[in-house]
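What's in input-v1.csv: CSV, N, CA and C atoms
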chain,number,residue,atom,x,y,z
E,118,MET,N,0.8,-1.2,0.0
E,118,MET,CA,0.0,0.0,0.0
E,118,MET,C,0.9,1.3,0.0
E,119,VAL,N,2.0,1.2,0.6
E,119,VAL,CA,2.9,2.3,0.7
E,119,VAL,C,3.4,2.7,-0.7
E,120,VAL,N,3.7,1.7,-1.5
E,120,VAL,CA,4.2,1.9,-2.9
E,120,VAL,C,3.1,2.5,-3.7
E,121,LEU,N,1.9,2.0,-3.6
E,121,LEU,CA,0.8,2.6,-4.3
E,121,LEU,C,0.5,4.0,-4.0
E,122,ASP,N,0.6,4.3,-2.7
E,122,ASP,CA,0.5,5.7,-2.2
E,122,ASP,C,1.5,6.6,-2.9
E,123,LEU,N,2.8,6.1,-2.9
E,123,LEU,CA,3.9,6.9,-3.4
E,123,LEU,C,3.7,7.0,-4.9
E,124,LEU,N,3.3,6.0,-5.6
E,124,LEU,CA,3.1,6.1,-7.1
E,124,LEU,C,1.9,7.0,-7.5
E,125,GLY,N,1.0,7.2,-6.6
E,125,GLY,CA,-0.1,8.1,-6.8
E,125,GLY,C,0.2,9.6,-6.6
E,126,ARG,N,1.3,9.9,-6.1
E,126,ARG,CA,1.7,11.3,-5.9
E,126,ARG,C,2.1,11.9,-7.2
E,127,ARG,N,1.9,13.2,-7.3
E,127,ARG,CA,2.2,14.0,-8.5
E,127,ARG,C,3.7,13.8,-8.9
E,128,THR,N,3.9,13.6,-10.2
E,128,THR,CA,5.2,13.4,-10.9
E,128,THR,C,6.0,12.2,-10.5
E,129,THR,N,5.5,11.3,-9.6
E,129,THR,CA,6.3,10.1,-9.3
E,129,THR,C,6.5,9.2,-10.5
E,130,LEU,N,5.4,8.9,-11.1
E,130,LEU,CA,5.4,8.0,-12.3
E,130,LEU,C,6.3,8.6,-13.4
E,131,ARG,N,6.2,9.9,-13.6
E,131,ARG,CA,7.0,10.6,-14.6
E,131,ARG,C,8.5,10.4,-14.3
E,132,ILE,N,8.9,10.6,-13.1
E,132,ILE,CA,10.3,10.4,-12.7
E,132,ILE,C,10.7,9.0,-13.0
E,133,LEU,N,9.9,8.0,-12.6
E,133,LEU,CA,10.3,6.6,-12.9
E,133,LEU,C,10.4,6.4,-14.4
E,134,TRP,N,9.5,7.0,-15.2
E,134,TRP,CA,9.5,6.9,-16.6
E,134,TRP,C,10.8,7.4,-17.2
E,135,GLU,N,11.2,8.6,-16.7
E,135,GLU,CA,12.4,9.2,-17.3
E,135,GLU,C,13.7,8.5,-16.9
E,136,LEU,N,13.6,7.8,-15.7
E,136,LEU,CA,14.8,7.0,-15.3
E,136,LEU,C,14.8,5.6,-15.8
E,137,ARG,N,13.9,5.2,-16.8
E,137,ARG,CA,13.9,3.9,-17.3
E,137,ARG,C,15.1,3.5,-18.1
E,138,GLY,N,15.8,4.5,-18.6
E,138,GLY,CA,17.0,4.3,-19.4
E,138,GLY,C,18.3,4.5,-18.5
E,139,GLU,N,19.1,5.4,-19.0
E,139,GLU,CA,20.4,5.6,-18.3
E,139,GLU,C,20.2,6.6,-17.1
E,140,ALA,N,21.2,6.7,-16.3
E,140,ALA,CA,21.1,7.6,-15.2
E,140,ALA,C,21.1,9.1,-15.6
E,141,LEU,N,20.3,9.9,-14.9
E,141,LEU,CA,20.2,11.3,-15.2
E,141,LEU,C,20.6,12.2,-14.0
E,142,THR,N,21.2,13.3,-14.3
E,142,THR,CA,21.6,14.2,-13.2
E,142,THR,C,20.3,14.9,-12.8
E,143,PHE,N,20.4,15.6,-11.7
E,143,PHE,CA,19.2,16.3,-11.1
E,143,PHE,C,18.6,17.3,-12.2
E,144,ARG,N,19.5,18.1,-12.8
E,144,ARG,CA,19.1,19.1,-13.8
E,144,ARG,C,18.4,18.5,-15.0
E,145,ALA,N,19.1,17.4,-15.5
E,145,ALA,CA,18.5,16.7,-16.7
E,145,ALA,C,17.2,16.1,-16.3
E,146,LEU,N,17.0,15.5,-15.1
E,146,LEU,CA,15.8,15.0,-14.7
E,146,LEU,C,14.7,16.0,-14.5
E,147,GLN,N,15.1,17.2,-14.0
E,147,GLN,CA,14.2,18.3,-13.8
E,147,GLN,C,13.6,18.8,-15.2
E,148,GLU,N,14.5,18.9,-16.2
E,148,GLU,CA,14.1,19.3,-17.5
E,148,GLU,C,13.2,18.3,-18.2
E,149,ALA,N,13.6,17.0,-18.0
E,149,ALA,CA,12.8,16.0,-18.6
E,149,ALA,C,11.4,15.9,-18.0
E,150,CYS,N,11.3,16.1,-16.7
E,150,CYS,CA,10.0,16.0,-16.0
E,150,CYS,C,9.2,17.2,-16.2
E,151,GLY,N,9.8,18.3,-16.4
E,151,GLY,CA,9.1,19.6,-16.5
E,151,GLY,C,8.5,20.0,-15.2
E,152,THR,N,9.3,19.9,-14.1
E,152,THR,CA,8.8,20.2,-12.8
E,152,THR,C,9.7,21.1,-12.1
E,153,ASN,N,9.3,21.7,-10.9
E,153,ASN,CA,10.2,22.5,-10.2
E,153,ASN,C,11.2,21.7,-9.3
E,154,ALA,N,12.3,22.4,-8.9
E,154,ALA,CA,13.3,21.7,-8.1
E,154,ALA,C,12.8,21.2,-6.8
E,155,ARG,N,12.0,21.9,-6.1
E,155,ARG,CA,11.5,21.5,-4.8
E,155,ARG,C,10.7,20.2,-4.8
E,156,LEU,N,9.8,20.2,-5.8
E,156,LEU,CA,8.9,19.0,-5.9
E,156,LEU,C,9.8,17.8,-6.3
E,157,LEU,N,10.7,18.0,-7.3
E,157,LEU,CA,11.5,16.9,-7.7
E,157,LEU,C,12.4,16.4,-6.6
E,158,ASN,N,13.0,17.3,-5.8
E,158,ASN,CA,13.8,16.9,-4.7
E,158,ASN,C,13.0,16.1,-3.6
E,159,THR,N,11.8,16.5,-3.4
E,159,THR,CA,10.9,15.8,-2.4
E,159,THR,C,10.6,14.4,-2.9
E,160,ARG,N,10.2,14.3,-4.2
E,160,ARG,CA,9.9,12.9,-4.8
E,160,ARG,C,11.1,12.0,-4.9
E,161,LEU,N,12.3,12.6,-5.2
E,161,LEU,CA,13.5,11.8,-5.2
E,161,LEU,C,13.8,11.2,-3.9
E,162,ALA,N,13.7,12.1,-2.8
E,162,ALA,CA,13.9,11.6,-1.5
E,162,ALA,C,13.0,10.5,-1.1
E,163,GLU,N,11.7,10.6,-1.5
E,163,GLU,CA,10.7,9.5,-1.2
E,163,GLU,C,11.1,8.3,-1.9
E,164,LEU,N,11.4,8.4,-3.2
E,164,LEU,CA,11.8,7.2,-4.0
E,164,LEU,C,13.1,6.6,-3.5
E,165,ARG,N,14.0,7.4,-3.0
E,165,ARG,CA,15.2,6.8,-2.5
E,165,ARG,C,15.0,6.1,-1.2
E,166,ALA,N,14.1,6.7,-0.3
E,166,ALA,CA,13.7,6.0,0.9
E,166,ALA,C,13.0,4.7,0.7
E,167,SER,N,12.2,4.6,-0.3
E,167,SER,CA,11.5,3.4,-0.6
E,167,SER,C,12.3,2.3,-1.3
E,168,GLY,N,13.5,2.7,-1.8
E,168,GLY,CA,14.4,1.8,-2.4
E,168,GLY,C,14.2,1.6,-3.9
E,169,LEU,N,13.5,2.5,-4.5
E,169,LEU,CA,13.2,2.4,-6.0
E,169,LEU,C,14.2,3.1,-6.8
E,170,VAL,N,14.8,4.2,-6.2
E,170,VAL,CA,15.8,5.0,-7.0
E,170,VAL,C,17.0,5.1,-6.1
E,171,GLU,N,18.2,5.2,-6.8
E,171,GLU,CA,19.4,5.4,-6.0
E,171,GLU,C,20.2,6.5,-6.8
E,172,ARG,N,21.1,7.1,-6.0
E,172,ARG,CA,22.0,8.2,-6.6
E,172,ARG,C,23.4,7.5,-6.8
E,173,GLY,N,23.8,7.5,-8.1
E,173,GLY,CA,25.1,6.9,-8.4
E,173,GLY,C,26.1,8.0,-8.9
E,174,ASP,N,27.1,7.5,-9.5
E,174,ASP,CA,28.1,8.5,-10.1
E,174,ASP,C,27.6,9.3,-11.2
E,175,GLY,N,26.7,8.7,-12.1
E,175,GLY,CA,26.2,9.4,-13.2
E,175,GLY,C,24.9,10.1,-13.0
E,176,GLY,N,24.4,10.1,-11.7
E,176,GLY,CA,23.2,10.7,-11.4
E,176,GLY,C,22.2,9.8,-10.8
E,177,TYR,N,20.9,10.0,-10.9
E,177,TYR,CA,19.9,9.2,-10.4
E,177,TYR,C,19.6,8.1,-11.3
E,178,GLN,N,19.3,6.9,-10.8
E,178,GLN,CA,19.0,5.7,-11.6
E,178,GLN,C,18.1,4.8,-10.8
E,179,MET,N,17.3,3.9,-11.5
E,179,MET,CA,16.5,3.0,-10.8
E,179,MET,C,17.3,1.9,-10.2
E,180,THR,N,16.9,1.4,-9.0
E,180,THR,CA,17.5,0.2,-8.4
E,180,THR,C,16.9,-1.1,-9.1
E,181,ALA,N,17.3,-2.2,-8.7
E,181,ALA,CA,16.8,-3.5,-9.3
E,181,ALA,C,15.3,-3.6,-8.9
E,182,GLU,N,14.9,-3.2,-7.7
E,182,GLU,CA,13.5,-3.2,-7.3
E,182,GLU,C,12.7,-2.2,-8.2
E,183,GLY,N,13.3,-1.1,-8.4
E,183,GLY,CA,12.6,-0.1,-9.3
E,183,GLY,C,12.4,-0.6,-10.7
E,184,ARG,N,13.4,-1.3,-11.2
E,184,ARG,CA,13.2,-1.9,-12.6
E,184,ARG,C,12.1,-3.0,-12.6
E,185,GLN,N,12.0,-3.7,-11.5
E,185,GLN,CA,11.0,-4.8,-11.4
E,185,GLN,C,9.6,-4.1,-11.4
E,186,LEU,N,9.5,-3.1,-10.6
E,186,LEU,CA,8.2,-2.3,-10.5
E,186,LEU,C,7.9,-1.7,-11.9
E,187,SER,N,8.9,-1.1,-12.5
E,187,SER,CA,8.6,-0.5,-13.8
E,187,SER,C,8.1,-1.6,-14.8
E,188,ALA,N,8.7,-2.8,-14.8
E,188,ALA,CA,8.3,-3.8,-15.7
E,188,ALA,C,6.9,-4.3,-15.4
E,189,ALA,N,6.5,-4.3,-14.1
E,189,ALA,CA,5.2,-4.7,-13.7
E,189,ALA,C,4.1,-3.7,-14.1
E,190,LEU,N,4.6,-2.4,-14.2
E,190,LEU,CA,3.6,-1.3,-14.6
E,190,LEU,C,3.5,-1.2,-16.1
E,191,GLN,N,4.2,-1.9,-16.9
E,191,GLN,CA,4.1,-1.8,-18.4
E,191,GLN,C,2.7,-2.3,-18.8
E,192,PRO,N,2.2,-1.7,-19.9
E,192,PRO,CA,0.9,-2.1,-20.4
E,192,PRO,C,1.0,-3.5,-20.9
E,193,PRO,N,-0.1,-4.2,-20.9
E,193,PRO,CA,-0.1,-5.6,-21.4
E,193,PRO,C,0.2,-5.6,-22.9
E,194,SER,N,0.7,-6.7,-23.3
E,194,SER,CA,1.0,-6.9,-24.8
E,194,SER,C,-0.3,-7.1,-25.5
E,195,ASN,N,-0.3,-7.0,-26.8
E,195,ASN,CA,-1.5,-7.2,-27.7
E,195,ASN,C,-2.1,-8.5,-27.5
E,196,HIS,N,-1.3,-9.6,-27.3
E,196,HIS,CA,-1.8,-10.9,-27.1
E,196,HIS,C,-2.6,-11.0,-25.8
E,197,ASN,N,-2.1,-10.3,-24.7
E,197,ASN,CA,-2.8,-10.3,-23.5
E,197,ASN,C,-4.1,-9.5,-23.6
E,198,LEU,N,-4.1,-8.4,-24.3
E,198,LEU,CA,-5.3,-7.6,-24.5
E,198,LEU,C,-6.4,-8.4,-25.2
E,199,VAL,N,-6.0,-9.2,-26.2
E,199,VAL,CA,-7.0,-10.1,-26.9
E,199,VAL,C,-7.6,-11.1,-26.0
E,200,ALA,N,-6.8,-11.7,-25.1
E,200,ALA,CA,-7.3,-12.7,-24.2
E,200,ALA,C,-8.2,-12.1,-23.1
E,201,MET,N,-7.8,-10.9,-22.7
E,201,MET,CA,-8.6,-10.2,-21.7
E,201,MET,C,-10.0,-9.8,-22.3
E,202,ARG,N,-10.1,-9.3,-23.5
E,202,ARG,CA,-11.3,-9.0,-24.1
E,202,ARG,C,-12.2,-10.2,-24.3
E,203,ARG,N,-11.6,-11.4,-24.7
E,203,ARG,CA,-12.3,-12.6,-24.9
E,203,ARG,C,-12.9,-13.0,-23.6
E,204,GLN,N,-12.2,-13.0,-22.5
E,204,GLN,CA,-12.7,-13.4,-21.2
E,204,GLN,C,-13.8,-12.4,-20.8
E,205,ARG,N,-13.7,-11.1,-21.0
E,205,ARG,CA,-14.8,-10.2,-20.7
E,205,ARG,C,-16.1,-10.5,-21.4
E,206,ARG,N,-15.9,-10.9,-22.7
E,206,ARG,CA,-17.1,-11.2,-23.5
E,206,ARG,C,-17.8,-12.4,-22.9
E,207,LEU,N,-17.0,-13.4,-22.5
E,207,LEU,CA,-17.6,-14.7,-22.0
E,207,LEU,C,-18.3,-14.4,-20.6
E,208,ARG,N,-17.8,-13.5,-19.8
E,208,ARG,CA,-18.4,-13.2,-18.5
E,208,ARG,C,-19.7,-12.4,-18.7
E,209,GLN,N,-19.8,-11.7,-19.8
E,209,GLN,CA,-21.0,-10.8,-20.0
E,209,GLN,C,-22.2,-11.6,-20.5
E,210,ARG,N,-22.0,-12.8,-21.0
E,210,ARG,CA,-23.1,-13.6,-21.5
E,210,ARG,C,-24.0,-14.1,-20.4
E,211,PRO,N,-25.3,-14.2,-20.7
E,211,PRO,CA,-26.3,-14.7,-19.7
E,211,PRO,C,-25.9,-16.1,-19.3
E,212,ALA,N,-26.3,-16.5,-18.1
E,212,ALA,CA,-26.1,-17.8,-17.6
E,212,ALA,C,-26.9,-18.9,-18.4
E,213,VAL,N,-26.4,-20.1,-18.3
E,213,VAL,CA,-27.1,-21.2,-19.0
E,213,VAL,C,-28.5,-21.4,-18.3
E,214,GLY,N,-29.5,-21.5,-19.1
E,214,GLY,CA,-30.8,-21.7,-18.6
E,214,GLY,C,-31.7,-20.4,-18.7
E,215,GLN,N,-31.0,-19.3,-18.8
E,215,GLN,CA,-31.7,-18.0,-18.9
E,215,GLN,C,-32.2,-17.8,-20.4
E,216,HIS,N,-33.2,-17.0,-20.6
E,216,HIS,CA,-33.6,-16.8,-21.9
E,216,HIS,C,-33.3,-15.4,-22.3
E,217,THR,N,-33.0,-15.2,-23.6
E,217,THR,CA,-32.7,-13.9,-24.2
E,217,THR,C,-33.2,-13.8,-25.6
E,218,ARG,N,-33.3,-12.6,-26.1
E,218,ARG,CA,-33.8,-12.5,-27.5
E,218,ARG,C,-32.6,-12.5,-28.5
E,219,ASP,N,-32.7,-13.2,-29.6
E,219,ASP,CA,-31.7,-13.3,-30.6
E,219,ASP,C,-31.8,-12.0,-31.5
E,220,VAL,N,-31.0,-12.1,-32.6
E,220,VAL,CA,-31.0,-10.9,-33.5
E,220,VAL,C,-32.3,-10.7,-34.1
E,221,LEU,N,-33.1,-11.7,-34.3
E,221,LEU,CA,-34.4,-11.6,-34.9
E,221,LEU,C,-35.5,-11.2,-33.9
E,222,GLY,N,-35.2,-11.1,-32.6
E,222,GLY,CA,-36.2,-10.8,-31.6
E,222,GLY,C,-36.9,-12.0,-31.0
E,223,ILE,N,-36.5,-13.2,-31.4
E,223,ILE,CA,-37.1,-14.4,-30.9
E,223,ILE,C,-36.5,-14.8,-29.6
E,224,GLU,N,-37.3,-15.1,-28.6
E,224,GLU,CA,-36.8,-15.5,-27.3
E,224,GLU,C,-36.3,-16.9,-27.4
E,225,ARG,N,-35.1,-17.2,-27.0
E,225,ARG,CA,-34.5,-18.5,-27.1
E,225,ARG,C,-33.6,-18.7,-25.8
E,226,PRO,N,-33.2,-19.9,-25.5
E,226,PRO,CA,-32.3,-20.1,-24.4
E,226,PRO,C,-31.0,-19.4,-24.7
E,227,ALA,N,-30.4,-18.8,-23.7
E,227,ALA,CA,-29.3,-17.9,-23.9
E,227,ALA,C,-28.1,-18.6,-24.5
E,228,GLU,N,-27.9,-19.9,-24.2
E,228,GLU,CA,-26.7,-20.6,-24.7
E,228,GLU,C,-26.8,-20.8,-26.2
E,229,LYS,N,-28.1,-21.0,-26.7
E,229,LYS,CA,-28.2,-21.2,-28.2
E,229,LYS,C,-28.0,-19.9,-28.9
E,230,VAL,N,-28.5,-18.8,-28.4
E,230,VAL,CA,-28.2,-17.5,-29.0
E,230,VAL,C,-26.7,-17.2,-29.0
E,231,ALA,N,-26.1,-17.5,-27.9
E,231,ALA,CA,-24.6,-17.3,-27.9
E,231,ALA,C,-23.9,-18.2,-28.9
E,232,LEU,N,-24.4,-19.4,-29.0
E,232,LEU,CA,-23.7,-20.4,-29.9
E,232,LEU,C,-23.9,-19.9,-31.3
E,233,ARG,N,-25.0,-19.4,-31.7
E,233,ARG,CA,-25.3,-19.0,-33.1
E,233,ARG,C,-24.7,-17.7,-33.5
E,234,PHE,N,-24.7,-16.7,-32.6
E,234,PHE,CA,-24.4,-15.4,-33.1
E,234,PHE,C,-23.2,-14.7,-32.6
E,235,HIS,N,-22.6,-15.2,-31.5
E,235,HIS,CA,-21.6,-14.4,-30.8
E,235,HIS,C,-20.3,-15.2,-30.5
E,236,THR,N,-20.1,-16.4,-31.0
E,236,THR,CA,-19.0,-17.1,-30.5
E,236,THR,C,-18.1,-17.7,-31.6
E,237,THR,N,-16.9,-17.9,-31.2
E,237,THR,CA,-16.0,-18.6,-32.1
E,237,THR,C,-16.1,-20.1,-31.8
E,238,GLU,N,-15.4,-20.9,-32.6
E,238,GLU,CA,-15.5,-22.4,-32.4
E,238,GLU,C,-14.9,-22.7,-31.0
E,239,ARG,N,-13.9,-22.1,-30.6
E,239,ARG,CA,-13.3,-22.4,-29.2
E,239,ARG,C,-14.3,-22.0,-28.1
E,240,GLN,N,-14.9,-20.9,-28.3
E,240,GLN,CA,-15.9,-20.4,-27.3
E,240,GLN,C,-17.1,-21.3,-27.2
E,241,GLN,N,-17.5,-21.9,-28.4
E,241,GLN,CA,-18.6,-22.8,-28.4
E,241,GLN,C,-18.2,-24.1,-27.6
E,242,LYS,N,-17.0,-24.5,-27.8
E,242,LYS,CA,-16.6,-25.7,-27.0
E,242,LYS,C,-16.6,-25.4,-25.5
E,243,LEU,N,-16.1,-24.2,-25.1
E,243,LEU,CA,-16.2,-23.9,-23.7
E,243,LEU,C,-17.6,-23.8,-23.2
E,244,LEU,N,-18.5,-23.2,-24.0
E,244,LEU,CA,-19.9,-23.2,-23.6
E,244,LEU,C,-20.5,-24.5,-23.5
E,245,LEU,N,-20.2,-25.4,-24.4
E,245,LEU,CA,-20.7,-26.8,-24.4
E,245,LEU,C,-20.2,-27.5,-23.1
E,246,ARG,N,-18.9,-27.3,-22.8
E,246,ARG,CA,-18.4,-27.9,-21.6
E,246,ARG,C,-19.1,-27.4,-20.4
E,247,GLU,N,-19.4,-26.1,-20.3
E,247,GLU,CA,-20.1,-25.6,-19.2
E,247,GLU,C,-21.5,-26.2,-19.1
E,248,ARG,N,-22.1,-26.4,-20.2
E,248,ARG,CA,-23.5,-27.0,-20.2
E,248,ARG,C,-23.4,-28.4,-19.7
E,249,LEU,N,-22.4,-29.1,-20.1
E,249,LEU,CA,-22.2,-30.5,-19.7
E,249,LEU,C,-22.0,-30.6,-18.2
E,250,ASP,N,-21.1,-29.7,-17.7
E,250,ASP,CA,-20.9,-29.6,-16.3
E,250,ASP,C,-22.1,-29.3,-15.5
E,251,ALA,N,-22.9,-28.3,-16.0
E,251,ALA,CA,-24.2,-28.0,-15.3
E,251,ALA,C,-25.1,-29.1,-15.3
E,252,PHE,N,-25.2,-29.9,-16.4
E,252,PHE,CA,-26.0,-31.1,-16.5
E,252,PHE,C,-25.6,-32.1,-15.5
E,253,ARG,N,-24.3,-32.4,-15.4
E,253,ARG,CA,-23.8,-33.4,-14.4
E,253,ARG,C,-24.1,-33.0,-13.0
E,254,ASP,N,-24.0,-31.7,-12.7
E,254,ASP,CA,-24.3,-31.2,-11.4
E,254,ASP,C,-25.7,-31.4,-11.0
E,255,ASP,N,-26.7,-31.2,-12.0
E,255,ASP,CA,-28.1,-31.3,-11.7
E,255,ASP,C,-28.5,-32.8,-11.6
E,256,GLY,N,-27.8,-33.7,-12.2
E,256,GLY,CA,-28.2,-35.1,-12.2
E,256,GLY,C,-27.5,-35.9,-11.2

Write out the structure in this file as structure tokens.
Amino acid sequence: MVVLDLLGRRTTLRILWELRGEALTFRALQEACGTNARLLNTRLAELRASGLVERGDGGYQMTAEGRQLSAALQPPSNHNLVAMRRQRRLRQRPAVGQHTRDVLGIERPAEKVALRFHTTERQQKLLLRERLDAFRDDG
């Protein structure tokens, strides 16, 4: 929670972003972040105290923990985004046994509407597996 609080403060993420490469001096970091010296000094002191940034010979740089945190904060890859969207679509479907209207406005069991109009072959297999599991649980 302490790290999340620190990351939520103004310019902290920008400082970490600018330090993702080589070490930067205080002045170079101040110009890159576009902030005043007092705020930058405060944030650097907080980041140093938390062990995310250190001051070396070439200036300020991220520690190993800081690089791990930076890697964890990277946006997901395109492959991960596709998988996340697929899972979101599966969660938004009505449960097995509920009724919904299809494209033509005809009320049908939700799983049939999903199988006909909204799913890929892999998703159909997953839905059929869910239906079989539900059937086994009832019987």

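Closest to Arg160 (chain E) among E:Leu123, E:Glu139, E:Ser187, E:Ala200 is E:Leu123, based on only C-alpha atoms.
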
Please provide the set of residues having any atom within 8 Å of Val170 (chain E), restricted to only N, CA and C atoms, with same-chain residues fewer than 5 positions apart removed, written as a count of residues only.
12

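Between atom C of Trp134 (chain E) and CA of Asp174 (chain E) lies a distance of 18.7 Å.
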
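Atom N of Leu245 (chain E) lies 14.9 Å from atom N of Gln204 (chain E).
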
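From atom N of Asp254 (chain E) back to atom N of Arg239 (chain E), the distance works out to 22.7 Å.
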
Nearest to Arg127 (chain E), restricted to only C-alpha atoms and choosing among E:Leu243, E:Leu156, E:Ala251, E:Ala188, comes out as E:Leu156
